[in-house]
Amino acid sequence: MKGIVFNEFFSLVDEAFGAEVTEKIIVDAELANDGAYTGVGNYDAAEMVRLVKCLHAESNVPVADLLQTFGKHLLGIFKAGHTAYFESCKSLFEFVRSVEDQIHVDVLKLYPDAELPHLTATQVSNDELRLVYRSSRRMADLAEGLLWGAIDHYGEAIDLTRTELPDVNGDQCAQFTLVRR
């Protein structure tokens with residue numbers, strides 16, 4: 001996982017819970033690097049899991065809620081840094097369909113060692129899109145938060161439901177169904 005993701009997590013925790021909580025979870029998570037992440041460095045996703053679990057212990061906010069909130073926050077960061085992706089898509093469905101074939105391809109050009117989830121988007125009808133998430137990192141909650149952030153960005157009336165699918169070779173799989181109201 002890229003260091004920038006960890007740094008954005010710390011920014012969100014600082015903002016929502018205060019710098020003291022950020023420092024406490026860094027200590028409690030017993031990180032090898034004491035919470036120092038370079039933006040382009042690669043780090044074990046298990047460290048993020050430990051940080052989120054420590055934040056849960058400190059805040060009593062469910063882990064799923066923490067990850068979804070972080071996903072929405074990350075979407076805002078991505079939007080600010082990469083406006084062209086968002087402006088090139090006229091709808092949420094168009095944006096979601098572009099993630100795997102455009103955004104992830106460009107990310108891998110910049111960071112060939114990035115470990116990205118595999119996403120498969122299927123347009124069921126004009127008003128329904130299904131997105132299957134698959135990742136060994138098991139962060140479907142984060143993906144759901146990113147989707148909620150994108151829904152907010154495009155301002156469409158969308159119902160989002162999530163269905164857990166059976167693991168595939170140890171990867172977490174989930175299906176997100178987006179339906180226009």
# chains A, B, ... in the order shown; residues from 1 in each chain; ligands from 1
$ residues_around --residues "Gln102 of chain A" --least-positions-apart "6" --cutoff "12 Å" --atoms "only C-alpha atoms" --output "list in words"
Ala84, Tyr85, Phe86, Ser88, Cys89, Glu94, Phe95, Val96, Leu108, Lys109 and Leu119 of chain A
$ residues_around --residues "segment 129-142 of chain A" --least-positions-apart "6" --cutoff "7 Å" --atoms "only C-alpha atoms" --output "ChimeraX atom specification"
/A:45,64,67-68,70-71,93,117-123,170-179
$ residues_around --residues "Leu31 of chain A" --least-positions-apart "4" --cutoff "7 Å" --atoms "only C-alpha atoms" --output "ChimeraX atom specification"
/A:26,35,47
$ write_last_selection --atoms "N, CA, C and O atoms" --output "mmCIF file, in the first residue's frame"
data_model
loop_
_atom_site.group_PDB
_atom_site.id
_atom_site.type_symbol
_atom_site.label_atom_id
_atom_site.label_comp_id
_atom_site.auth_asym_id
_atom_site.auth_seq_id
_atom_site.Cartn_x
_atom_site.Cartn_y
_atom_site.Cartn_z
ATOM 1 N N ILE A 26 -0.632 5.129 16.439
ATOM 2 C CA ILE A 26 0.665 4.788 15.836
ATOM 3 C C ILE A 26 1.485 3.971 16.822
ATOM 4 O O ILE A 26 2.079 2.945 16.466
ATOM 5 N N GLY A 35 5.340 5.032 12.138
ATOM 6 C CA GLY A 35 4.359 5.884 11.479
ATOM 7 C C GLY A 35 4.927 6.855 10.469
ATOM 8 O O GLY A 35 4.229 7.743 10.010
ATOM 9 N N GLU A 47 -0.319 -3.172 8.057
ATOM 10 C CA GLU A 47 -0.106 -2.038 8.952
ATOM 11 C C GLU A 47 -1.339 -1.141 8.989
ATOM 12 O O GLU A 47 -1.706 -0.620 10.045
#
$ select_by_dssp --residues "segment 15-179 of chain A" --states "strand (DSSP E)" --output "NGL selection string"
:A and (118-125 or 128-135 or 158-168 or 171-179)
$ atom_distance --atom1 "atom CA of Asn7 of chain A" --atom2 "atom CA of Lys79 of chain A"
16.6 Å
$ residues_around --residues "Leu75 of chain A" --least-positions-apart "2" --cutoff "7 Å" --atoms "only C-alpha atoms" --output "list of chain:residue names"
A:Gly71, A:Lys72, A:His73, A:Ile77, A:Phe78, A:Lys79, A:Leu146, A:Gly149, A:Ala150
$ write_last_selection --atoms "all heavy atoms" --output "mmCIF file, in the first residue's frame"
data_model
loop_
_atom_site.group_PDB
_atom_site.id
_atom_site.type_symbol
_atom_site.label_atom_id
_atom_site.label_comp_id
_atom_site.auth_asym_id
_atom_site.auth_seq_id
_atom_site.Cartn_x
_atom_site.Cartn_y
_atom_site.Cartn_z
ATOM 1 N N GLY A 71 -12.568 5.883 2.937
ATOM 2 C CA GLY A 71 -12.759 5.789 1.489
ATOM 3 C C GLY A 71 -13.359 7.066 0.914
ATOM 4 O O GLY A 71 -12.913 7.563 -0.126
ATOM 5 N N LYS A 72 -14.365 7.605 1.587
ATOM 6 C CA LYS A 72 -14.965 8.866 1.121
ATOM 7 C C LYS A 72 -13.925 9.989 1.154
ATOM 8 O O LYS A 72 -13.850 10.805 0.232
ATOM 9 C CB LYS A 72 -16.168 9.237 1.985
ATOM 10 C CG LYS A 72 -17.400 8.415 1.694
ATOM 11 C CD LYS A 72 -18.573 8.822 2.549
ATOM 12 C CE LYS A 72 -19.234 10.038 1.959
ATOM 13 N NZ LYS A 72 -20.521 10.352 2.623
ATOM 14 N N HIS A 73 -13.112 10.010 2.197
ATOM 15 C CA HIS A 73 -12.051 11.011 2.307
ATOM 16 C C HIS A 73 -11.056 10.861 1.157
ATOM 17 O O HIS A 73 -10.676 11.852 0.519
ATOM 18 C CB HIS A 73 -11.346 10.856 3.662
ATOM 19 C CG HIS A 73 -10.120 11.683 3.816
ATOM 20 N ND1 HIS A 73 -10.165 13.027 4.144
ATOM 21 C CD2 HIS A 73 -8.807 11.379 3.682
ATOM 22 C CE1 HIS A 73 -8.928 13.501 4.212
ATOM 23 N NE2 HIS A 73 -8.092 12.523 3.934
ATOM 24 N N ILE A 77 -9.583 13.358 -1.979
ATOM 25 C CA ILE A 77 -8.159 13.599 -2.259
ATOM 26 C C ILE A 77 -7.853 13.269 -3.708
ATOM 27 O O ILE A 77 -7.182 14.022 -4.412
ATOM 28 C CB ILE A 77 -7.262 12.777 -1.304
ATOM 29 C CG1 ILE A 77 -7.504 13.182 0.151
ATOM 30 C CG2 ILE A 77 -5.794 12.890 -1.686
ATOM 31 C CD1 ILE A 77 -7.293 14.641 0.463
ATOM 32 N N PHE A 78 -8.348 12.124 -4.188
ATOM 33 C CA PHE A 78 -8.125 11.735 -5.584
ATOM 34 C C PHE A 78 -8.738 12.770 -6.520
ATOM 35 O O PHE A 78 -8.150 13.141 -7.529
ATOM 36 C CB PHE A 78 -8.722 10.359 -5.873
ATOM 37 C CG PHE A 78 -8.070 9.217 -5.128
ATOM 38 C CD1 PHE A 78 -8.761 8.035 -4.921
ATOM 39 C CD2 PHE A 78 -6.785 9.309 -4.627
ATOM 40 C CE1 PHE A 78 -8.179 6.970 -4.248
ATOM 41 C CE2 PHE A 78 -6.190 8.252 -3.943
ATOM 42 C CZ PHE A 78 -6.894 7.087 -3.756
ATOM 43 N N LYS A 79 -9.936 13.235 -6.188
ATOM 44 C CA LYS A 79 -10.636 14.215 -7.019
ATOM 45 C C LYS A 79 -9.832 15.515 -7.098
ATOM 46 O O LYS A 79 -9.684 16.081 -8.180
ATOM 47 C CB LYS A 79 -12.030 14.470 -6.439
ATOM 48 C CG LYS A 79 -12.882 15.398 -7.248
ATOM 49 C CD LYS A 79 -14.290 15.472 -6.703
ATOM 50 C CE LYS A 79 -14.296 16.129 -5.354
ATOM 51 N NZ LYS A 79 -15.633 16.436 -4.852
ATOM 52 N N LEU A 146 -15.216 4.691 -1.099
ATOM 53 C CA LEU A 146 -14.856 5.372 -2.345
ATOM 54 C C LEU A 146 -16.083 5.528 -3.247
ATOM 55 O O LEU A 146 -16.281 6.586 -3.859
ATOM 56 C CB LEU A 146 -13.748 4.604 -3.076
ATOM 57 C CG LEU A 146 -12.351 4.682 -2.465
ATOM 58 C CD1 LEU A 146 -11.466 3.555 -2.992
ATOM 59 C CD2 LEU A 146 -11.721 6.034 -2.732
ATOM 60 N N GLY A 149 -18.267 8.256 -1.950
ATOM 61 C CA GLY A 149 -17.670 9.541 -2.309
ATOM 62 C C GLY A 149 -17.937 9.907 -3.755
ATOM 63 O O GLY A 149 -18.226 11.069 -4.072
ATOM 64 N N ALA A 150 -17.857 8.929 -4.644
ATOM 65 C CA ALA A 150 -18.129 9.180 -6.064
ATOM 66 C C ALA A 150 -19.607 9.504 -6.282
ATOM 67 O O ALA A 150 -19.945 10.378 -7.089
ATOM 68 C CB ALA A 150 -17.709 7.976 -6.910
#
$ atom_distance --atom1 "atom CA of Ile25 of chain A" --atom2 "atom CA of Cys54 of chain A"
5.4 Å
$ residues_around --residues "segment 37-44 of chain A" --least-positions-apart "4" --cutoff "10 Å" --atoms "only C-alpha atoms" --output "PDB file with N, CA and C atoms, in the first residue's frame"
ATOM      1  N   MET A   1       0.857  -1.163   0.000  1.00  0.00           N
ATOM      2  CA  MET A   1       0.000   0.000   0.000  1.00  0.00           C
ATOM      3  C   MET A   1       0.907   1.231   0.000  1.00  0.00           C
ATOM      4  N   LYS A   2       0.562   2.196  -0.833  1.00  0.00           N
ATOM      5  CA  LYS A   2       1.379   3.404  -0.961  1.00  0.00           C
ATOM      6  C   LYS A   2       1.350   4.235   0.312  1.00  0.00           C
ATOM      7  N   GLY A   3       2.478   4.842   0.609  1.00  0.00           N
ATOM      8  CA  GLY A   3       2.615   5.675   1.796  1.00  0.00           C
ATOM      9  C   GLY A   3       1.645   6.830   1.823  1.00  0.00           C
ATOM     10  N   ILE A   4       1.308   7.348   0.661  1.00  0.00           N
ATOM     11  CA  ILE A   4       0.364   8.468   0.621  1.00  0.00           C
ATOM     12  C   ILE A   4      -0.973   8.082   1.250  1.00  0.00           C
ATOM     13  N   VAL A   5      -1.365   6.821   1.122  1.00  0.00           N
ATOM     14  CA  VAL A   5      -2.630   6.361   1.704  1.00  0.00           C
ATOM     15  C   VAL A   5      -2.539   6.418   3.230  1.00  0.00           C
ATOM     16  N   PHE A   6      -1.404   5.986   3.779  1.00  0.00           N
ATOM     17  CA  PHE A   6      -1.215   6.056   5.228  1.00  0.00           C
ATOM     18  C   PHE A   6      -1.221   7.514   5.697  1.00  0.00           C
ATOM     19  N   ASN A   7      -0.533   8.371   4.966  1.00  0.00           N
ATOM     20  CA  ASN A   7      -0.466   9.780   5.353  1.00  0.00           C
ATOM     21  C   ASN A   7      -1.844  10.434   5.318  1.00  0.00           C
ATOM     22  N   GLU A   8      -2.657  10.077   4.336  1.00  0.00           N
ATOM     23  CA  GLU A   8      -4.021  10.611   4.280  1.00  0.00           C
ATOM     24  C   GLU A   8      -4.873  10.064   5.425  1.00  0.00           C
ATOM     25  N   ASN A  33       8.111   1.337  11.349  1.00  0.00           N
ATOM     26  CA  ASN A  33       8.690   2.634  10.983  1.00  0.00           C
ATOM     27  C   ASN A  33       8.160   3.781  11.838  1.00  0.00           C
ATOM     28  N   MET A  48      -1.989  -0.967   7.855  1.00  0.00           N
ATOM     29  CA  MET A  48      -3.222  -0.175   7.830  1.00  0.00           C
ATOM     30  C   MET A  48      -4.307  -0.875   8.640  1.00  0.00           C
ATOM     31  N   VAL A  49      -4.381  -2.180   8.506  1.00  0.00           N
ATOM     32  CA  VAL A  49      -5.369  -2.946   9.273  1.00  0.00           C
ATOM     33  C   VAL A  49      -5.125  -2.745  10.766  1.00  0.00           C
ATOM     34  N   LEU A 110       2.581   4.778 -13.375  1.00  0.00           N
ATOM     35  CA  LEU A 110       3.341   5.596 -12.424  1.00  0.00           C
ATOM     36  C   LEU A 110       3.999   4.749 -11.340  1.00  0.00           C
ATOM     37  N   TYR A 111       3.270   3.730 -10.881  1.00  0.00           N
ATOM     38  CA  TYR A 111       3.728   2.888  -9.773  1.00  0.00           C
ATOM     39  C   TYR A 111       3.581   1.422 -10.171  1.00  0.00           C
ATOM     40  N   ASP A 113       4.706  -1.207  -9.125  1.00  0.00           N
ATOM     41  CA  ASP A 113       4.630  -2.167  -8.028  1.00  0.00           C
ATOM     42  C   ASP A 113       3.373  -2.002  -7.177  1.00  0.00           C
ATOM     43  N   ALA A 114       2.469  -1.115  -7.584  1.00  0.00           N
ATOM     44  CA  ALA A 114       1.227  -0.910  -6.832  1.00  0.00           C
ATOM     45  C   ALA A 114       0.371  -2.177  -6.877  1.00  0.00           C
ATOM     46  N   GLU A 115      -0.250  -2.502  -5.752  1.00  0.00           N
ATOM     47  CA  GLU A 115      -1.152  -3.650  -5.669  1.00  0.00           C
ATOM     48  C   GLU A 115      -2.568  -3.110  -5.613  1.00  0.00           C
ATOM     49  N   ARG A 137      -6.287  -7.793  -0.041  1.00  0.00           N
ATOM     50  CA  ARG A 137      -6.218  -6.854   1.092  1.00  0.00           C
ATOM     51  C   ARG A 137      -7.488  -6.828   1.921  1.00  0.00           C
TER      52      ARG A 137
END
$ atom_distance --atom1 "atom CA of Glu164 of chain A" --atom2 "atom CA of Arg180 of chain A"
21.0 Å
$ closest_residue --among "A:Ser91, A:Ser11, A:Thr69, A:Thr83" --to "Tyr154 of chain A" --atoms "only C-alpha atoms"
A:Ser91
$ residues_around --residues "Asp28 of chain A" --least-positions-apart "3" --cutoff "10 Å" --atoms "only C-alpha atoms" --output "PyMOL selection string"
chain A and resi 22-25+31+50-51+53-55+57-58
$ closest_residue --among "A:Val61, A:Val168, A:Ala19, A:Ala157" --to "Leu92 of chain A" --atoms "only C-alpha atoms"
A:Ala157
$ closest_residue --among "A:Val107, A:Val21, A:Ala46, A:Arg162" --to "Trp148 of chain A" --atoms "only C-alpha atoms"
A:Arg162
